[in-house]
Amino acid sequence: SRRAVFGLVAGATALASKAAPSLAAYGEAANVFGGFQGNTSGYTPYQGDGYSLLLPAQWNPSKERDVTGVDMRYEDNFDQLNTVTVSVRKGGKSNIKDYGSQEAFLEGISKEFIGQTTQQFESKSEGGFKPNTFANASVLTQAVKRDANGKDYYVYELLTRTADGTEGGRHQLISAACAKGNLYICKVQAGDKRWVRGTRNICLGTWESFTVA
């Protein structure tokens, strides 16, 4: 599949997004991403101000506020690298598509949510590290999804590679939508090693369950 690659570079970095968007009914991410099958056991329902999702039962509240407008943040009891964050901020838009293309929206939030800076560049060595490169990341999949109420979501699955080799990389699952003049962004993160050992389905379940009112 076509893959977007971007990197974190000392003083300047990249975002070159090429993943083709698709449109699917929200809650059918298993068909798009080959993931969560809808079993809600092991989760706790969470109702926020204007949004809801399913929390992994073994995750607890975190006081860390790593992005603007954090409304909630939970982390894994056993590994603080595994987290879910929901950011709520005034946006003044009624539909996520009003922010432009998926590529443009991701580029706009990448510095804050992923650590991206602004200068564009395309990595030619995915999975490796070039001189002066802190890390790189790939957009594995992106889609425009629609829930039962007709609300659109921009959703992304990213894999970032950290220069220190922590966890062999980090999976970042992002879902964003607009409601009542607010922009809601949910990000679920997990280390790559634990991702392949069972955390994957847990994170996909939380990511897929995120909806706004």
# chains A, B, ... in the order shown; residues from 1 in each chain; ligands from 1
$ residues_around --residues "range 153-156 of chain A" --least-positions-apart "4" --cutoff "6 Å" --atoms "only C-alpha atoms" --output "PyMOL selection string"
chain A and resi 141-145+173-177
$ write_last_selection --atoms "C-alpha atoms" --output "compact mmCIF listing (two decimals), in the first residue's frame"
# COMPACT_ATOMS: atom_id res chain seq x y z
CA THR A 141 -3.27 4.11 6.99
CA GLN A 142 -5.62 7.07 6.93
CA ALA A 143 -9.34 7.27 6.28
CA VAL A 144 -12.35 9.53 6.41
CA LYS A 145 -14.97 7.75 8.48
CA LEU A 173 -3.77 6.08 16.56
CA ILE A 174 -5.49 9.42 15.98
CA SER A 175 -9.17 10.21 15.50
CA ALA A 176 -10.43 13.78 15.06
CA ALA A 177 -13.89 15.27 14.63
$ atom_distance --atom1 "CA of Asn95 in chain A" --atom2 "CA of Val212 in chain A"
11.6 Å
$ atom_distance --atom1 "CA of Gln80 in chain A" --atom2 "CA of Asp49 in chain A"
24.6 Å
$ atom_distance --atom1 "CA of Gly42 in chain A" --atom2 "CA of Arg200 in chain A"
13.5 Å
$ closest_residue --among "A:Ala190, A:Lys180, A:Gly92, A:Ala213" --to "Gly150 in chain A" --atoms "only C-alpha atoms"
A:Ala213
$ select_by_dssp --residues "range 143-195 of chain A" --states "helix (DSSP H, G or I)" --output "NGL selection string"
:A and (166-168 or 192-195)
$ closest_residue --among "A:Gly50, A:Gly91, A:Pro56, A:Gly181" --to "Asp71 in chain A" --atoms "only C-alpha atoms"
A:Gly50
$ closest_residue --among "A:Phe210, A:Val67, A:Trp195, A:Leu183" --to "Asp147 in chain A" --atoms "only C-alpha atoms"
A:Phe210
$ closest_residue --among "A:Asn82, A:Ser94, A:Asn149, A:Ser62" --to "Arg170 in chain A" --atoms "only C-alpha atoms"
A:Asn82
$ closest_residue --among "A:Ser41, A:Gln58, A:Tyr99, A:Gln47" --to "Cys178 in chain A" --atoms "only C-alpha atoms"
A:Tyr99
$ closest_residue --among "A:Gly198, A:Ile185, A:Trp207, A:Ala179" --to "Glu157 in chain A" --atoms "only C-alpha atoms"
A:Trp207
$ residues_around --residues "Val188 in chain A" --least-positions-apart "3" --cutoff "6 Å" --atoms "only C-alpha atoms" --output "PyMOL selection string"
chain A and resi 83-84+172-173
$ write_last_selection --atoms "N, CA, C and O atoms" --output "mmCIF file, in the first residue's frame"
data_model
loop_
_atom_site.group_PDB
_atom_site.id
_atom_site.type_symbol
_atom_site.label_atom_id
_atom_site.label_comp_id
_atom_site.auth_asym_id
_atom_site.auth_seq_id
_atom_site.Cartn_x
_atom_site.Cartn_y
_atom_site.Cartn_z
ATOM 1 N N THR A 83 -0.792 5.067 26.293
ATOM 2 C CA THR A 83 -1.671 6.126 26.788
ATOM 3 C C THR A 83 -2.837 6.386 25.836
ATOM 4 O O THR A 83 -2.790 6.026 24.660
ATOM 5 N N VAL A 84 -3.863 7.040 26.370
ATOM 6 C CA VAL A 84 -4.935 7.613 25.545
ATOM 7 C C VAL A 84 -5.160 9.035 26.033
ATOM 8 O O VAL A 84 -5.217 9.286 27.235
ATOM 9 N N GLN A 172 0.792 5.257 16.924
ATOM 10 C CA GLN A 172 -0.046 6.399 17.265
ATOM 11 C C GLN A 172 -1.344 6.277 16.472
ATOM 12 O O GLN A 172 -1.328 6.269 15.242
ATOM 13 N N LEU A 173 -2.448 6.154 17.173
ATOM 14 C CA LEU A 173 -3.766 6.079 16.556
ATOM 15 C C LEU A 173 -4.495 7.387 16.848
ATOM 16 O O LEU A 173 -4.702 7.733 18.010
#
$ decode --residues "range 170-184 of chain A" --atoms "all heavy atoms" --output "PDB file, in the first residue's frame"
ATOM      1  N   ARG A 170       6.780   3.566  18.194  1.00  0.00           N
ATOM      2  CA  ARG A 170       5.508   3.791  18.869  1.00  0.00           C
ATOM      3  C   ARG A 170       4.381   3.872  17.852  1.00  0.00           C
ATOM      4  O   ARG A 170       4.504   4.539  16.827  1.00  0.00           O
ATOM      5  CB  ARG A 170       5.556   5.089  19.677  1.00  0.00           C
ATOM      6  CG  ARG A 170       6.618   5.084  20.753  1.00  0.00           C
ATOM      7  CD  ARG A 170       6.675   6.381  21.518  1.00  0.00           C
ATOM      8  NE  ARG A 170       7.805   6.377  22.441  1.00  0.00           N
ATOM      9  CZ  ARG A 170       8.093   7.369  23.279  1.00  0.00           C
ATOM     10  NH1 ARG A 170       7.341   8.440  23.300  1.00  0.00           N
ATOM     11  NH2 ARG A 170       9.139   7.279  24.088  1.00  0.00           N
ATOM     12  N   HIS A 171       3.310   3.181  18.146  1.00  0.00           N
ATOM     13  CA  HIS A 171       2.106   3.268  17.324  1.00  0.00           C
ATOM     14  C   HIS A 171       1.244   4.413  17.843  1.00  0.00           C
ATOM     15  O   HIS A 171       1.016   4.531  19.042  1.00  0.00           O
ATOM     16  CB  HIS A 171       1.338   1.957  17.364  1.00  0.00           C
ATOM     17  CG  HIS A 171       1.987   0.865  16.589  1.00  0.00           C
ATOM     18  ND1 HIS A 171       1.628   0.546  15.304  1.00  0.00           N
ATOM     19  CD2 HIS A 171       3.004   0.029  16.925  1.00  0.00           C
ATOM     20  CE1 HIS A 171       2.387  -0.448  14.872  1.00  0.00           C
ATOM     21  NE2 HIS A 171       3.235  -0.771  15.835  1.00  0.00           N
ATOM     22  N   GLN A 172       0.792   5.257  16.924  1.00  0.00           N
ATOM     23  CA  GLN A 172      -0.046   6.399  17.265  1.00  0.00           C
ATOM     24  C   GLN A 172      -1.344   6.277  16.472  1.00  0.00           C
ATOM     25  O   GLN A 172      -1.328   6.269  15.242  1.00  0.00           O
ATOM     26  CB  GLN A 172       0.653   7.708  16.883  1.00  0.00           C
ATOM     27  CG  GLN A 172       2.121   7.787  17.235  1.00  0.00           C
ATOM     28  CD  GLN A 172       2.353   8.373  18.624  1.00  0.00           C
ATOM     29  OE1 GLN A 172       1.410   8.723  19.327  1.00  0.00           O
ATOM     30  NE2 GLN A 172       3.606   8.487  19.013  1.00  0.00           N
ATOM     31  N   LEU A 173      -2.448   6.154  17.173  1.00  0.00           N
ATOM     32  CA  LEU A 173      -3.766   6.079  16.556  1.00  0.00           C
ATOM     33  C   LEU A 173      -4.495   7.387  16.848  1.00  0.00           C
ATOM     34  O   LEU A 173      -4.702   7.733  18.010  1.00  0.00           O
ATOM     35  CB  LEU A 173      -4.560   4.899  17.112  1.00  0.00           C
ATOM     36  CG  LEU A 173      -3.888   3.528  17.030  1.00  0.00           C
ATOM     37  CD1 LEU A 173      -4.741   2.481  17.738  1.00  0.00           C
ATOM     38  CD2 LEU A 173      -3.646   3.130  15.578  1.00  0.00           C
ATOM     39  N   ILE A 174      -4.873   8.110  15.814  1.00  0.00           N
ATOM     40  CA  ILE A 174      -5.487   9.424  15.976  1.00  0.00           C
ATOM     41  C   ILE A 174      -6.861   9.438  15.323  1.00  0.00           C
ATOM     42  O   ILE A 174      -7.045   8.926  14.212  1.00  0.00           O
ATOM     43  CB  ILE A 174      -4.598  10.521  15.364  1.00  0.00           C
ATOM     44  CG1 ILE A 174      -3.273  10.619  16.128  1.00  0.00           C
ATOM     45  CG2 ILE A 174      -5.318  11.879  15.369  1.00  0.00           C
ATOM     46  CD1 ILE A 174      -2.270  11.579  15.512  1.00  0.00           C
ATOM     47  N   SER A 175      -7.818  10.012  16.033  1.00  0.00           N
ATOM     48  CA  SER A 175      -9.173  10.207  15.496  1.00  0.00           C
ATOM     49  C   SER A 175      -9.601  11.624  15.833  1.00  0.00           C
ATOM     50  O   SER A 175      -9.497  12.053  16.991  1.00  0.00           O
ATOM     51  CB  SER A 175     -10.143   9.193  16.113  1.00  0.00           C
ATOM     52  OG  SER A 175     -11.457   9.381  15.610  1.00  0.00           O
ATOM     53  N   ALA A 176     -10.077  12.379  14.849  1.00  0.00           N
ATOM     54  CA  ALA A 176     -10.430  13.784  15.059  1.00  0.00           C
ATOM     55  C   ALA A 176     -11.773  14.092  14.422  1.00  0.00           C
ATOM     56  O   ALA A 176     -12.089  13.616  13.327  1.00  0.00           O
ATOM     57  CB  ALA A 176      -9.351  14.693  14.470  1.00  0.00           C
ATOM     58  N   ALA A 177     -12.575  14.890  15.138  1.00  0.00           N
ATOM     59  CA  ALA A 177     -13.892  15.272  14.629  1.00  0.00           C
ATOM     60  C   ALA A 177     -14.284  16.616  15.236  1.00  0.00           C
ATOM     61  O   ALA A 177     -13.699  17.073  16.221  1.00  0.00           O
ATOM     62  CB  ALA A 177     -14.930  14.207  14.964  1.00  0.00           C
ATOM     63  N   CYS A 178     -15.307  17.237  14.653  1.00  0.00           N
ATOM     64  CA  CYS A 178     -15.815  18.520  15.141  1.00  0.00           C
ATOM     65  C   CYS A 178     -17.242  18.360  15.650  1.00  0.00           C
ATOM     66  O   CYS A 178     -18.033  17.597  15.088  1.00  0.00           O
ATOM     67  CB  CYS A 178     -15.813  19.557  14.019  1.00  0.00           C
ATOM     68  SG  CYS A 178     -14.176  19.973  13.401  1.00  0.00           S
ATOM     69  N   ALA A 179     -17.573  19.116  16.716  1.00  0.00           N
ATOM     70  CA  ALA A 179     -18.927  19.148  17.237  1.00  0.00           C
ATOM     71  C   ALA A 179     -19.094  20.390  18.099  1.00  0.00           C
ATOM     72  O   ALA A 179     -18.194  20.745  18.860  1.00  0.00           O
ATOM     73  CB  ALA A 179     -19.231  17.891  18.062  1.00  0.00           C
ATOM     74  N   LYS A 180     -20.211  21.072  17.945  1.00  0.00           N
ATOM     75  CA  LYS A 180     -20.558  22.223  18.774  1.00  0.00           C
ATOM     76  C   LYS A 180     -19.456  23.284  18.784  1.00  0.00           C
ATOM     77  O   LYS A 180     -19.177  23.905  19.813  1.00  0.00           O
ATOM     78  CB  LYS A 180     -20.880  21.769  20.194  1.00  0.00           C
ATOM     79  CG  LYS A 180     -22.034  20.781  20.266  1.00  0.00           C
ATOM     80  CD  LYS A 180     -22.284  20.294  21.686  1.00  0.00           C
ATOM     81  CE  LYS A 180     -23.424  19.295  21.712  1.00  0.00           C
ATOM     82  NZ  LYS A 180     -23.675  18.769  23.084  1.00  0.00           N
ATOM     83  N   GLY A 181     -18.814  23.470  17.656  1.00  0.00           N
ATOM     84  CA  GLY A 181     -17.769  24.477  17.538  1.00  0.00           C
ATOM     85  C   GLY A 181     -16.439  24.080  18.110  1.00  0.00           C
ATOM     86  O   GLY A 181     -15.497  24.885  18.126  1.00  0.00           O
ATOM     87  N   ASN A 182     -16.307  22.840  18.579  1.00  0.00           N
ATOM     88  CA  ASN A 182     -15.053  22.349  19.150  1.00  0.00           C
ATOM     89  C   ASN A 182     -14.375  21.341  18.227  1.00  0.00           C
ATOM     90  O   ASN A 182     -15.032  20.639  17.454  1.00  0.00           O
ATOM     91  CB  ASN A 182     -15.301  21.673  20.499  1.00  0.00           C
ATOM     92  CG  ASN A 182     -15.746  22.634  21.562  1.00  0.00           C
ATOM     93  OD1 ASN A 182     -15.331  23.792  21.584  1.00  0.00           O
ATOM     94  ND2 ASN A 182     -16.607  22.180  22.460  1.00  0.00           N
ATOM     95  N   LEU A 183     -13.063  21.269  18.345  1.00  0.00           N
ATOM     96  CA  LEU A 183     -12.271  20.245  17.675  1.00  0.00           C
ATOM     97  C   LEU A 183     -11.865  19.220  18.722  1.00  0.00           C
ATOM     98  O   LEU A 183     -11.228  19.552  19.726  1.00  0.00           O
ATOM     99  CB  LEU A 183     -11.022  20.848  17.027  1.00  0.00           C
ATOM    100  CG  LEU A 183      -9.990  19.854  16.473  1.00  0.00           C
ATOM    101  CD1 LEU A 183     -10.589  19.016  15.347  1.00  0.00           C
ATOM    102  CD2 LEU A 183      -8.741  20.596  15.994  1.00  0.00           C
ATOM    103  N   TYR A 184     -12.231  17.973  18.505  1.00  0.00           N
ATOM    104  CA  TYR A 184     -11.904  16.876  19.416  1.00  0.00           C
ATOM    105  C   TYR A 184     -10.854  15.989  18.757  1.00  0.00           C
ATOM    106  O   TYR A 184     -11.041  15.537  17.620  1.00  0.00           O
ATOM    107  CB  TYR A 184     -13.133  16.028  19.719  1.00  0.00           C
ATOM    108  CG  TYR A 184     -14.232  16.755  20.469  1.00  0.00           C
ATOM    109  CD1 TYR A 184     -15.138  17.577  19.795  1.00  0.00           C
ATOM    110  CD2 TYR A 184     -14.368  16.609  21.847  1.00  0.00           C
ATOM    111  CE1 TYR A 184     -16.146  18.242  20.477  1.00  0.00           C
ATOM    112  CE2 TYR A 184     -15.389  17.266  22.541  1.00  0.00           C
ATOM    113  CZ  TYR A 184     -16.267  18.077  21.844  1.00  0.00           C
ATOM    114  OH  TYR A 184     -17.274  18.729  22.529  1.00  0.00           O
TER     115      TYR A 184
END
